[in-house]
Every structure is written in C-alpha cells, then in structure tokens.
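Asker: Structure supplied as data02.tsv; contents: TSV, C-alpha atoms.
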```
chain	number	residue	atom	x	y	z
A	1	MET	CA	238.78	229.57	40.98
A	2	ASP	CA	240.11	233.11	41.21
A	3	ILE	CA	242.11	233.58	44.38
A	4	ASP	CA	241.24	237.27	44.38
A	5	LYS	CA	237.63	236.32	45.16
A	6	LEU	CA	238.95	235.33	48.55
A	7	LYS	CA	239.03	238.99	49.53
A	8	GLY	CA	235.24	239.17	49.38
A	9	ALA	CA	234.85	235.97	51.30
A	10	TRP	CA	237.36	237.10	53.92
A	11	LYS	CA	235.47	240.35	54.40
A	12	SER	CA	232.17	238.56	54.94
A	13	TYR	CA	233.77	236.20	57.43
A	14	THR	CA	235.49	238.94	59.43
A	15	ASP	CA	232.37	241.13	59.41
A	16	ARG	CA	230.58	238.25	61.02
A	17	LEU	CA	233.36	237.80	63.58
A	18	GLU	CA	232.96	241.46	64.48
A	19	GLU	CA	229.18	241.15	64.82
A	20	HIS	CA	229.51	238.24	67.23
A	21	GLY	CA	232.57	239.10	69.27
A	22	SER	CA	232.68	242.87	69.61
A	23	LYS	CA	233.56	243.99	73.12
A	24	ASN	CA	232.80	247.28	74.85
A	25	THR	CA	235.46	249.31	76.65
A	26	GLY	CA	234.39	247.96	80.04
A	27	GLU	CA	234.99	244.39	78.90
A	28	LEU	CA	238.32	245.35	77.34
A	29	ARG	CA	239.39	247.07	80.59
A	30	GLU	CA	238.47	243.97	82.59
A	31	ILE	CA	240.44	241.69	80.22
A	32	LEU	CA	243.44	243.99	80.46
A	33	SER	CA	243.68	243.90	84.24
A	34	ARG	CA	242.88	240.16	84.54
A	35	LYS	CA	245.14	239.00	81.73
A	36	SER	CA	248.14	241.11	82.81
A	37	GLU	CA	248.04	239.44	86.22
A	38	GLN	CA	247.60	236.01	84.57
A	39	SER	CA	250.65	236.44	82.36
A	40	LEU	CA	252.75	237.31	85.41
A	41	ARG	CA	251.46	234.21	87.19
A	42	LYS	CA	252.33	232.09	84.14
A	43	LEU	CA	255.82	233.54	84.10
A	44	ARG	CA	256.34	232.80	87.79
A	45	LYS	CA	254.98	229.27	87.37
A	46	ASN	CA	257.26	228.48	84.43
A	47	PHE	CA	260.24	229.89	86.28
A	48	LEU	CA	259.48	227.94	89.44
A	49	ILE	CA	259.12	224.67	87.53
A	50	GLU	CA	262.50	225.08	85.88
A	51	ALA	CA	264.13	226.49	88.98
A	52	GLY	CA	262.70	223.66	91.09
A	53	ILE	CA	265.69	221.39	90.46
A	54	ASN	CA	268.07	224.13	91.53
A	55	LEU	CA	266.01	225.02	94.58
A	56	ALA	CA	265.87	221.36	95.56
A	57	ALA	CA	269.65	221.13	95.13
A	58	ILE	CA	270.32	223.83	97.75
A	59	PRO	CA	269.44	221.80	100.88
A	60	MET	CA	271.10	218.76	99.28
A	61	VAL	CA	274.33	220.70	98.78
A	62	LEU	CA	274.21	221.84	102.40
A	63	VAL	CA	273.63	218.31	103.73
A	64	ILE	CA	276.27	216.68	101.51
A	65	VAL	CA	279.00	219.26	102.10
A	66	ILE	CA	278.46	219.56	105.84
A	67	ASN	CA	278.17	215.80	106.48
A	68	GLN	CA	280.66	214.41	103.98
A	69	PHE	CA	283.39	217.04	104.00
A	70	GLY	CA	284.30	216.73	107.68
A	71	GLN	CA	288.01	216.55	106.86
A	72	VAL	CA	288.11	220.25	105.87
A	73	GLY	CA	286.83	221.33	109.28
A	74	ASP	CA	284.99	224.66	109.39
A	75	HIS	CA	285.86	225.32	105.77
A	76	ARG	CA	282.95	223.11	104.83
A	77	TYR	CA	280.56	225.85	105.97
A	78	TYR	CA	282.24	228.42	103.71
A	79	LEU	CA	282.27	225.87	100.94
A	80	SER	CA	278.58	225.10	101.25
A	81	GLY	CA	277.86	228.84	101.43
A	82	LEU	CA	279.84	229.39	98.23
A	83	LEU	CA	278.01	226.60	96.40
A	84	VAL	CA	274.62	227.91	97.54
A	85	LEU	CA	275.62	231.40	96.37
A	86	LEU	CA	276.57	229.99	92.97
A	87	LEU	CA	273.21	228.25	92.68
A	88	LEU	CA	271.39	231.42	93.70
A	89	ALA	CA	273.33	233.41	91.10
A	90	PHE	CA	272.27	230.83	88.53
A	91	LEU	CA	268.65	231.25	89.63
A	92	GLY	CA	269.03	235.01	89.24
A	93	PHE	CA	270.30	234.54	85.71
A	94	LEU	CA	267.42	232.17	84.97
A	95	TYR	CA	264.79	234.58	86.28
A	96	ASN	CA	266.24	237.52	84.41
A	97	SER	CA	266.31	235.51	81.17
A	98	TYR	CA	262.74	234.34	81.68
A	99	ILE	CA	261.54	237.90	82.02
A	100	LYS	CA	263.32	238.80	78.79
A	101	ILE	CA	262.02	235.80	76.88
A	102	TYR	CA	258.42	235.61	78.07
A	103	ARG	CA	257.66	239.28	78.63
A	104	TYR	CA	259.62	240.26	75.61
A	105	GLU	CA	260.02	243.88	74.66
A	106	HIS	CA	260.03	245.67	71.32
A	107	LEU	CA	256.64	244.28	70.44
A	108	ASP	CA	256.14	246.97	67.85
A	109	TYR	CA	259.20	246.08	65.78
A	110	PRO	CA	258.59	244.89	62.22
A	111	LEU	CA	258.22	241.11	62.29
A	112	GLU	CA	261.61	240.37	60.76
A	113	GLN	CA	263.46	242.56	63.26
A	114	LYS	CA	261.47	241.10	66.13
A	115	LEU	CA	262.22	237.55	65.00
A	116	GLU	CA	265.93	238.36	64.72
A	117	GLU	CA	265.89	239.73	68.25
A	118	GLN	CA	263.98	236.73	69.63
A	119	VAL	CA	266.33	234.27	67.92
A	120	GLU	CA	269.39	236.11	69.20
A	121	ARG	CA	267.97	236.34	72.72
A	122	LEU	CA	266.99	232.68	72.86
A	123	ARG	CA	270.33	231.53	71.43
A	124	ARG	CA	272.23	233.65	73.94
A	125	PHE	CA	270.09	232.33	76.77
A	126	MET	CA	270.63	228.71	75.74
A	127	LYS	CA	274.37	229.25	75.33
A	128	ASN	CA	274.73	231.01	78.69
A	129	TYR	CA	272.57	228.40	80.39
A	130	ALA	CA	274.78	225.62	79.03
A	131	VAL	CA	278.05	227.39	79.91
A	132	ILE	CA	276.88	228.14	83.45
A	133	GLY	CA	275.82	224.49	83.81
A	134	TYR	CA	279.27	223.31	82.65
A	135	ILE	CA	281.06	225.71	85.00
A	136	LEU	CA	278.93	224.61	87.96
A	137	TYR	CA	279.66	220.98	87.17
A	138	PHE	CA	283.43	221.54	87.07
A	139	ILE	CA	283.41	223.66	90.24
A	140	VAL	CA	281.50	221.00	92.16
A	141	TYR	CA	283.60	218.17	90.71
A	142	ILE	CA	286.99	219.81	91.31
A	143	VAL	CA	286.06	220.95	94.81
A	144	SER	CA	284.93	217.41	95.68
A	145	LEU	CA	288.17	216.01	94.26
A	146	LEU	CA	290.33	218.44	96.20
A	147	VAL	CA	288.42	217.83	99.42
A	148	SER	CA	288.95	214.08	99.03
A	149	ALA	CA	292.71	214.74	99.05
A	150	TYR	CA	292.61	217.60	101.56
A	151	ASP	CA	295.24	216.19	103.93
A	152	ASN	CA	297.86	215.43	101.29
A	153	VAL	CA	297.21	217.19	98.01
A	154	THR	CA	300.78	216.88	96.67
A	155	GLY	CA	300.98	213.18	97.54
A	156	GLU	CA	297.65	212.53	95.89
A	157	LEU	CA	298.49	214.35	92.66
A	158	PRO	CA	298.46	211.23	90.41
A	159	ARG	CA	295.09	210.19	91.78
A	160	LEU	CA	293.77	213.75	91.36
A	161	GLY	CA	295.01	213.73	87.76
A	162	VAL	CA	293.15	210.51	87.02
A	163	GLY	CA	290.09	211.85	88.80
A	164	LEU	CA	290.21	215.01	86.69
A	165	LEU	CA	290.49	212.95	83.50
A	166	ILE	CA	287.46	210.90	84.56
A	167	GLY	CA	285.60	214.15	85.30
A	168	VAL	CA	286.41	215.51	81.85
A	169	GLY	CA	285.35	212.21	80.26
A	170	LEU	CA	282.12	212.26	82.24
A	171	PHE	CA	281.53	215.80	81.09
A	172	PHE	CA	281.74	214.91	77.42
A	173	VAL	CA	279.91	211.61	77.69
A	174	LEU	CA	277.12	212.58	80.07
A	175	ILE	CA	276.89	216.17	81.36
A	176	ARG	CA	277.29	218.10	78.09
A	177	PRO	CA	274.86	215.96	76.04
A	178	LEU	CA	272.39	215.96	78.92
A	179	ILE	CA	272.35	219.76	79.27
A	180	ARG	CA	272.16	220.17	75.48
A	181	TYR	CA	269.30	217.67	75.25
A	182	TYR	CA	267.45	219.41	78.08
A	183	LEU	CA	267.75	222.83	76.44
A	184	LYS	CA	266.87	221.51	73.01
A	185	ARG	CA	263.80	219.83	74.38
A	186	LEU	CA	262.64	222.96	76.18
A	187	TYR	CA	263.46	225.63	73.61
A	188	GLY	CA	264.77	223.86	70.51
A	189	ARG	CA	261.48	223.55	68.67
A	190	HIS	CA	260.53	227.15	69.31
A	191	LEU	CA	263.98	228.34	68.22
A	192	ASP	CA	263.84	226.21	65.06
A	193	SER	CA	260.47	227.63	64.07
A	194	LEU	CA	261.67	231.22	64.66
A	195	ILE	CA	264.74	230.55	62.50
A	196	GLN	CA	262.53	229.03	59.82
A	197	TYR	CA	260.25	232.10	59.82
A	198	LEU	CA	263.27	234.36	59.57
A	199	LYS	CA	264.68	232.35	56.70
A	200	GLU	CA	261.35	232.56	54.93
A	201	LEU	CA	261.21	236.33	55.34
A	202	ASN	CA	264.78	236.74	54.12
A	203	GLU	CA	264.37	234.54	51.07
A	204	GLU	CA	265.82	235.89	47.87
A	205	THR	CA	263.20	237.60	45.78
A	206	ARG	CA	263.81	235.34	42.82
A	207	VAL	CA	260.81	234.26	40.80
A	208	TRP	CA	259.97	230.56	40.76
B	1	MET	CA	246.49	259.92	86.79
B	2	GLU	CA	248.53	260.07	83.59
B	3	GLU	CA	248.43	256.26	83.28
B	4	SER	CA	244.69	256.24	83.82
B	5	ARG	CA	244.20	258.83	81.07
B	6	GLN	CA	246.52	256.88	78.78
B	7	LYS	CA	244.61	253.67	79.50
B	8	GLU	CA	241.26	255.25	78.60
B	9	GLU	CA	242.76	256.63	75.40
B	10	PHE	CA	244.15	253.18	74.58
B	11	LEU	CA	240.85	251.43	75.30
B	12	ALA	CA	238.95	253.83	73.07
B	13	LEU	CA	241.45	253.17	70.29
B	14	ILE	CA	241.26	249.40	70.70
B	15	SER	CA	237.50	249.49	70.91
B	16	GLU	CA	237.48	251.12	67.49
B	17	HIS	CA	239.97	248.73	65.87
B	18	GLN	CA	239.35	245.50	67.80
B	19	ASP	CA	238.20	243.69	64.66
B	20	LEU	CA	241.83	243.74	63.52
B	21	ILE	CA	242.91	241.71	66.56
B	22	ARG	CA	240.05	239.30	66.03
B	23	LYS	CA	241.03	238.77	62.40
B	24	VAL	CA	244.62	237.91	63.33
B	25	ALA	CA	243.40	235.48	65.99
B	26	ALA	CA	240.95	233.91	63.52
B	27	MET	CA	243.66	233.48	60.89
B	28	TYR	CA	245.90	231.48	63.23
B	29	TYR	CA	243.47	229.70	65.53
B	30	LYS	CA	240.42	227.65	64.63
B	31	ASN	CA	238.99	226.93	68.04
B	32	GLN	CA	236.94	229.78	69.52
B	33	ALA	CA	238.53	229.45	72.96
B	34	ASP	CA	242.02	229.67	71.43
B	35	GLN	CA	240.95	232.66	69.38
B	36	GLU	CA	239.69	234.39	72.51
B	37	ASP	CA	242.91	233.55	74.35
B	38	ALA	CA	244.98	234.95	71.47
B	39	PHE	CA	242.75	238.06	71.40
B	40	GLN	CA	243.43	238.69	75.07
B	41	GLU	CA	247.15	238.09	74.77
B	42	ILE	CA	247.40	240.48	71.83
B	43	LEU	CA	245.40	243.06	73.78
B	44	VAL	CA	247.81	242.87	76.74
B	45	ASN	CA	250.83	243.15	74.44
B	46	LEU	CA	249.31	246.13	72.68
B	47	TRP	CA	248.91	247.81	76.05
B	48	LYS	CA	252.53	246.98	76.99
B	49	ALA	CA	253.75	248.42	73.69
B	50	TYR	CA	251.41	251.42	73.71
B	51	PRO	CA	253.85	253.83	75.44
B	52	THR	CA	256.26	253.33	72.52
B	53	PHE	CA	253.64	254.23	69.91
B	54	ARG	CA	254.51	257.70	68.68
B	55	GLY	CA	252.19	257.95	65.73
B	56	GLU	CA	255.03	257.59	63.21
B	57	SER	CA	253.10	254.85	61.44
B	58	LYS	CA	249.36	254.30	61.06
B	59	ILE	CA	247.68	252.93	64.16
B	60	THR	CA	246.50	249.83	62.26
B	61	THR	CA	250.02	249.17	60.95
B	62	TRP	CA	251.36	249.36	64.50
B	63	MET	CA	248.56	247.08	65.75
B	64	TYR	CA	249.25	244.48	63.07
B	65	ARG	CA	252.92	244.47	64.01
B	66	VAL	CA	252.25	243.81	67.67
B	67	ALA	CA	249.51	241.26	66.91
B	68	LEU	CA	251.65	239.29	64.46
B	69	ASN	CA	254.67	239.46	66.75
B	70	THR	CA	252.50	237.98	69.49
B	71	VAL	CA	251.14	235.05	67.50
B	72	ILE	CA	254.25	234.30	65.43
B	73	SER	CA	257.28	235.01	67.60
B	74	GLY	CA	255.82	234.46	71.06
B	75	PHE	CA	255.75	231.31	73.13
B	76	ARG	CA	252.42	229.60	72.54
B	77	LYS	CA	251.37	226.01	72.57
B	78	ALA	CA	251.88	224.59	69.06
B	79	SER	CA	249.02	222.17	69.70
B	80	ASN	CA	246.64	225.15	69.69
B	81	ARG	CA	247.31	225.63	66.01
B	82	VAL	CA	244.72	223.15	64.77
B	83	HIS	CA	243.94	223.14	61.10
B	84	ARG	CA	240.42	223.69	59.94
B	85	ASN	CA	238.68	221.03	57.95
B	86	ARG	CA	235.27	220.46	56.53
B	87	SER	CA	233.90	218.92	59.69
B	88	ASP	CA	234.87	221.94	61.78
B	89	VAL	CA	232.83	225.11	62.14
B	90	ASN	CA	231.01	225.64	58.90
B	91	ILE	CA	233.00	228.66	57.89
B	92	SER	CA	231.77	228.55	54.34
B	93	ASP	CA	228.18	229.25	55.31
B	94	GLU	CA	229.26	232.22	57.38
B	95	LEU	CA	231.61	233.38	54.75
B	96	ILE	CA	230.03	233.70	51.45
B	97	LYS	CA	226.59	235.12	51.76
B	98	PRO	CA	227.36	238.34	49.84
B	99	ASP	CA	229.42	236.44	47.27
B	100	ARG	CA	227.24	233.41	46.88
B	101	GLU	CA	226.61	234.12	43.24
B	102	GLN	CA	230.35	234.36	42.55
B	103	VAL	CA	231.90	231.71	44.79
B	104	SER	CA	230.39	228.40	45.83
B	105	SER	CA	230.36	227.22	49.43
B	106	ASP	CA	232.58	224.25	48.62
B	107	ASP	CA	235.06	226.49	46.84
B	108	ILE	CA	235.45	228.67	49.91
B	109	ASP	CA	235.67	225.66	52.18
B	110	VAL	CA	238.51	224.22	50.12
B	111	LEU	CA	240.15	227.60	49.88
B	112	TYR	CA	240.20	227.90	53.66
B	113	GLN	CA	241.71	224.47	53.98
B	114	SER	CA	244.37	225.60	51.52
B	115	ILE	CA	245.11	228.68	53.63
B	116	ASP	CA	245.55	226.44	56.65
B	117	ARG	CA	248.34	224.65	54.83
B	118	LEU	CA	250.31	227.85	54.39
B	119	THR	CA	253.17	228.69	56.73
B	120	ASP	CA	252.63	231.28	59.47
B	121	ILE	CA	254.52	233.90	57.49
B	122	GLU	CA	252.49	233.20	54.36
B	123	LYS	CA	249.27	233.45	56.36
B	124	ALA	CA	250.33	236.87	57.65
B	125	VAL	CA	251.13	238.14	54.16
B	126	ILE	CA	247.94	236.82	52.57
B	127	MET	CA	245.82	238.16	55.43
B	128	LEU	CA	247.27	241.64	55.01
B	129	TYR	CA	246.71	241.33	51.27
B	130	MET	CA	243.07	240.34	51.84
B	131	GLU	CA	242.76	243.30	54.18
B	132	GLU	CA	243.59	245.51	51.20
B	133	LYS	CA	246.82	246.72	52.79
B	134	THR	CA	249.23	248.38	50.38
B	135	TYR	CA	252.55	246.71	49.54
B	136	ASP	CA	254.27	249.50	51.47
B	137	ASP	CA	252.16	248.80	54.56
B	138	ILE	CA	252.81	245.05	54.30
B	139	ALA	CA	256.53	245.72	53.90
B	140	GLU	CA	256.49	247.96	57.00
B	141	ILE	CA	254.62	245.41	59.10
B	142	MET	CA	256.66	242.42	58.04
B	143	GLY	CA	260.06	244.10	57.75
B	144	MET	CA	260.40	243.06	54.10
B	145	THR	CA	261.17	245.09	51.01
B	146	ARG	CA	258.29	246.18	48.78
B	147	THR	CA	259.63	244.00	45.94
B	148	ASN	CA	259.81	241.01	48.23
B	149	VAL	CA	256.18	241.57	49.25
B	150	GLY	CA	255.09	241.49	45.59
B	151	VAL	CA	257.06	238.32	44.90
B	152	LYS	CA	255.76	236.67	48.07
B	153	ILE	CA	252.13	237.48	47.26
B	154	ASN	CA	252.49	236.01	43.78
B	155	ARG	CA	254.12	232.88	45.19
B	156	ILE	CA	251.42	232.47	47.80
B	157	LYS	CA	248.68	232.88	45.20
B	158	LYS	CA	250.31	230.18	43.05
B	159	LYS	CA	250.74	227.93	46.08
B	160	LEU	CA	247.11	228.47	47.08
B	161	GLN	CA	245.93	227.65	43.59
B	162	LYS	CA	248.00	224.45	43.59
B	163	LEU	CA	246.76	223.46	47.04
B	164	TYR	CA	243.23	224.34	46.03
B	165	LYS	CA	243.38	222.06	42.99
B	166	GLU	CA	244.82	219.21	45.06
B	167	LEU	CA	242.16	219.54	47.74
B	168	ALA	CA	239.35	220.00	45.26
B	169	ASN	CA	240.46	216.77	43.57
B	170	GLY	CA	240.41	215.04	46.93
B	171	TYR	CA	244.17	214.62	47.54
```
Kindly return the structure encoded in the file as structure tokens.

Answerer:
Amino acid sequence: MDIDKLKGAWKSYTDRLEEHGSKNTGELREILSRKSEQSLRKLRKNFLIEAGINLAAIPMVLVIVINQFGQVGDHRYYLSGLLVLLLLAFLGFLYNSYIKIYRYEHLDYPLEQKLEEQVERLRRFMKNYAVIGYILYFIVYIVSLLVSAYDNVTGELPRLGVGLLIGVGLFFVLIRPLIRYYLKRLYGRHLDSLIQYLKELNEETRVW
Amino acid sequence: MEESRQKEEFLALISEHQDLIRKVAAMYYKNQADQEDAFQEILVNLWKAYPTFRGESKITTWMYRVALNTVISGFRKASNRVHRNRSDVNISDELIKPDREQVSSDDIDVLYQSIDRLTDIEKAVIMLYMEEKTYDDIAEIMGMTRTNVGVKINRIKKKLQKLYKELANGY
C-alpha cells in the first residue's frame, strides 16, 4: 500500500471532523473564559496537594518546638518563628515553580526549543526542590541537636559529634533517597519523555 | 477595551482555522472527550500566546507550534493517550469515502493503527506532511533543519510501511 495515499484519507477524515465539531465564535468565547478559570483552579489544586505536607508541618513545628525546647527559654519562640519562615519560603518557591511549570510561557517557540526549555526548567526545579529539602533537614536536625545540649555545648561536644554523624548517615540512607524517589515519582516520567522527544528531534540525520 | 478588541480579533482568527486544532487533537487522542479537552486546552494556550504573535510567520505555522507544544511538552495524563484499534470508532468508514476506489477500508484501518504506534514526534511530523506543509514550514514548527525533516519523513514512511505489513499480517 502506498503511504502517500494516506494524505487523501487524512483529508477526508479531518473534513468530517470539521463538519461535526465546528464551533461558532460565541462557543469559542465561552470555552476561553471557562477553561482559563479551570486551568487556574487546577494549578491551585495541584499546588495545595503538594504543599499540604508543608502546611501540615507548620503547626507541628510550633507545637514541638514550644513544648519540647523548654530549656532554651524564650528563644524557642524565635526558633519556631524561624522554622515557620523557612517552611513558608519553601512554599513560595514551590508556588513560583508551579506557575512556571504548569502555566508555561513561550508557547510559540519551535517544538525543539520549547522542549529544551521545559527540560531545563523541570530539571532546575527538581534540583532546587531537593537541595532545599536537604538544607531544611540539616537545619532542623542541627538545631534539635544543639538545643539538646543547650546548657553545656562544649561538654557535650563528643555526643554532638556522634549525633551529627548519625544525622549525616540518616541523610544518605533515608532522607536523600526519599526526596529523590518522591521527585522522580512526581516528575520523573514526564521529564524522561521530554528528554526522549528532544533526543529524537536532535538525532543525527544519517540514513538508515 | 484594547483586550476586548484583541479577543474578538483572536476569536475570528481561531474560528477560521479551528480545524487545525481539531486535527492535532485527533492525531493524539482517540476518545472524543479527550479530543475536546485537548481542543480547549490548545485554545486557551493560543490565547495566552496571542500577544506574542507578530505575524513574522504564517498564522497556521504559529498555531501548529502552540498546539504541538501543548500536547507534546505539556503536563497531561498519559493514560489519555489511548491507541486506536479496530474495535474503536470506525474511522475507516469515515475516512475513505472519496478514496474508496483507491484504498480499501481495511487498509486505512491498519494504517491508522500503524500511525498510533509512532512516537509523538513522528506523529507530529507525519501529520504536518499529510497537511501538505512544506519542509521549510515543518522545520520551522518543529525546530529541525530542512534536511532533518526530509530524512525523518522518509524514516517514518519506512517505519509505517513495516508496521503496516506486520499489522496486515496479524502480528
């Protein structure tokens, strides 16, 4: 069968699509206003789902720091405030990245350029997300360690050293793989397919 | 006021070329509801990108870019991309009326199944080819060189022929 005959078949098929699905300007206008609002709602929903863990962590941080860190006196309030600020900054980063990823710009770029941009943006987001997660973990861990030795930091140095080593071990064994797994599960497949498309577009023009 | 005028201008333009959006949606989505969803998403993205359209390229070239960017590089549920098969909508009957004497219904059916086995990039290239776009236009839409477009089209044709033979023989 001649593949070029497909052109005729494709034309018949698409003519029929046009006959059945053609919309007037009123319908197009209605779709435009409804769908724009819907995409914003979707963005907010996706953000809230992912940010949920962080939002839930805020009251927990407050309760834990204020109740458990009594030995640091009033400093516990500053400490809890600092941790909440860090979480809020993380949420800000998350929201900003979501806007960039979901309501992406440069829609009129040629496909290859657009894919390059999307891959770069998603990679950067995943990297920043992971790094921020690691930093937050170490801040919380080190602060907790220091608070536990608040009255006698110099005397507790050996114990703090061991604690730090355990924290580093925990980071490599649990925290880092967990964050990586989480990000890969959420965005990995999409990123892989974008990279694959890009590779396909950039293939050498050698003949089989 | 300016936005309202721009919107009316945009809607008139889309109204004239909406078949293009529908074709892209039909190439990537089998189910009618998914096609409609893709149509709407492409429409919104065209509107978002409209202020950047300066008439440097043809309106259809610009529309294909935005439409393909939406379906290929955007976040959409992979599960929506269901492949067509013989038991699905009888595309062949809709397809071939004018070409019935040249191409049999089964041939077209198998050919469409072959297209469904192409990658998303290959689908985009073959669709633009079927739409009689020039190699220069395809290169501009896809961001490839003209030579690469020619090589790709030849490869896709060979791949389609191979897939076609396999499917026709019942593999």

Asker: Define the interface residues of chain A facing chain B as those within 6 Å, counting all atoms listed in the file, and report them as a list in words.

Answerer: Lys7, Ala9, Ser12, Tyr13, Glu18, Thr25, Leu32, Leu107, Asp108, Pro110, Leu111, Glu112 and Thr205 of chain A

Asker: If I take CA of Asn96 (chain A) and CA of Leu183 (chain A), how far is one from the other in Å, to one decimal?

Answerer: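 Straight-line distance from CA of Asn96 (chain A) to CA of Leu183 (chain A) works out to 16.8 Å.
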
Asker: Neighbouring residues of region 59-65 of chain A were defined as those with any atom within 9 Å, considering all atoms listed in the file; residues of the same chain fewer than 2 positions away were excluded. Please report them as a PyMOL selection string.

Answerer: chain A and resi 55-57+67-70+76-77+79-81+83-84+144

Asker: To one decimal in Å, tell me the separation between CA of Arg54 (chain B) and CA of Gln6 (chain B).

Answerer: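 Separating CA of Arg54 (chain B) from CA of Gln6 (chain B) is a distance of 12.9 Å.
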
Asker: Mind pulling up the distance from CA of Gly133 (chain A) to CA of Tyr150 (chain A)?

Answerer: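 For CA of Tyr150 (chain A) relative to CA of Gly133 (chain A), the distance reads 25.4 Å.
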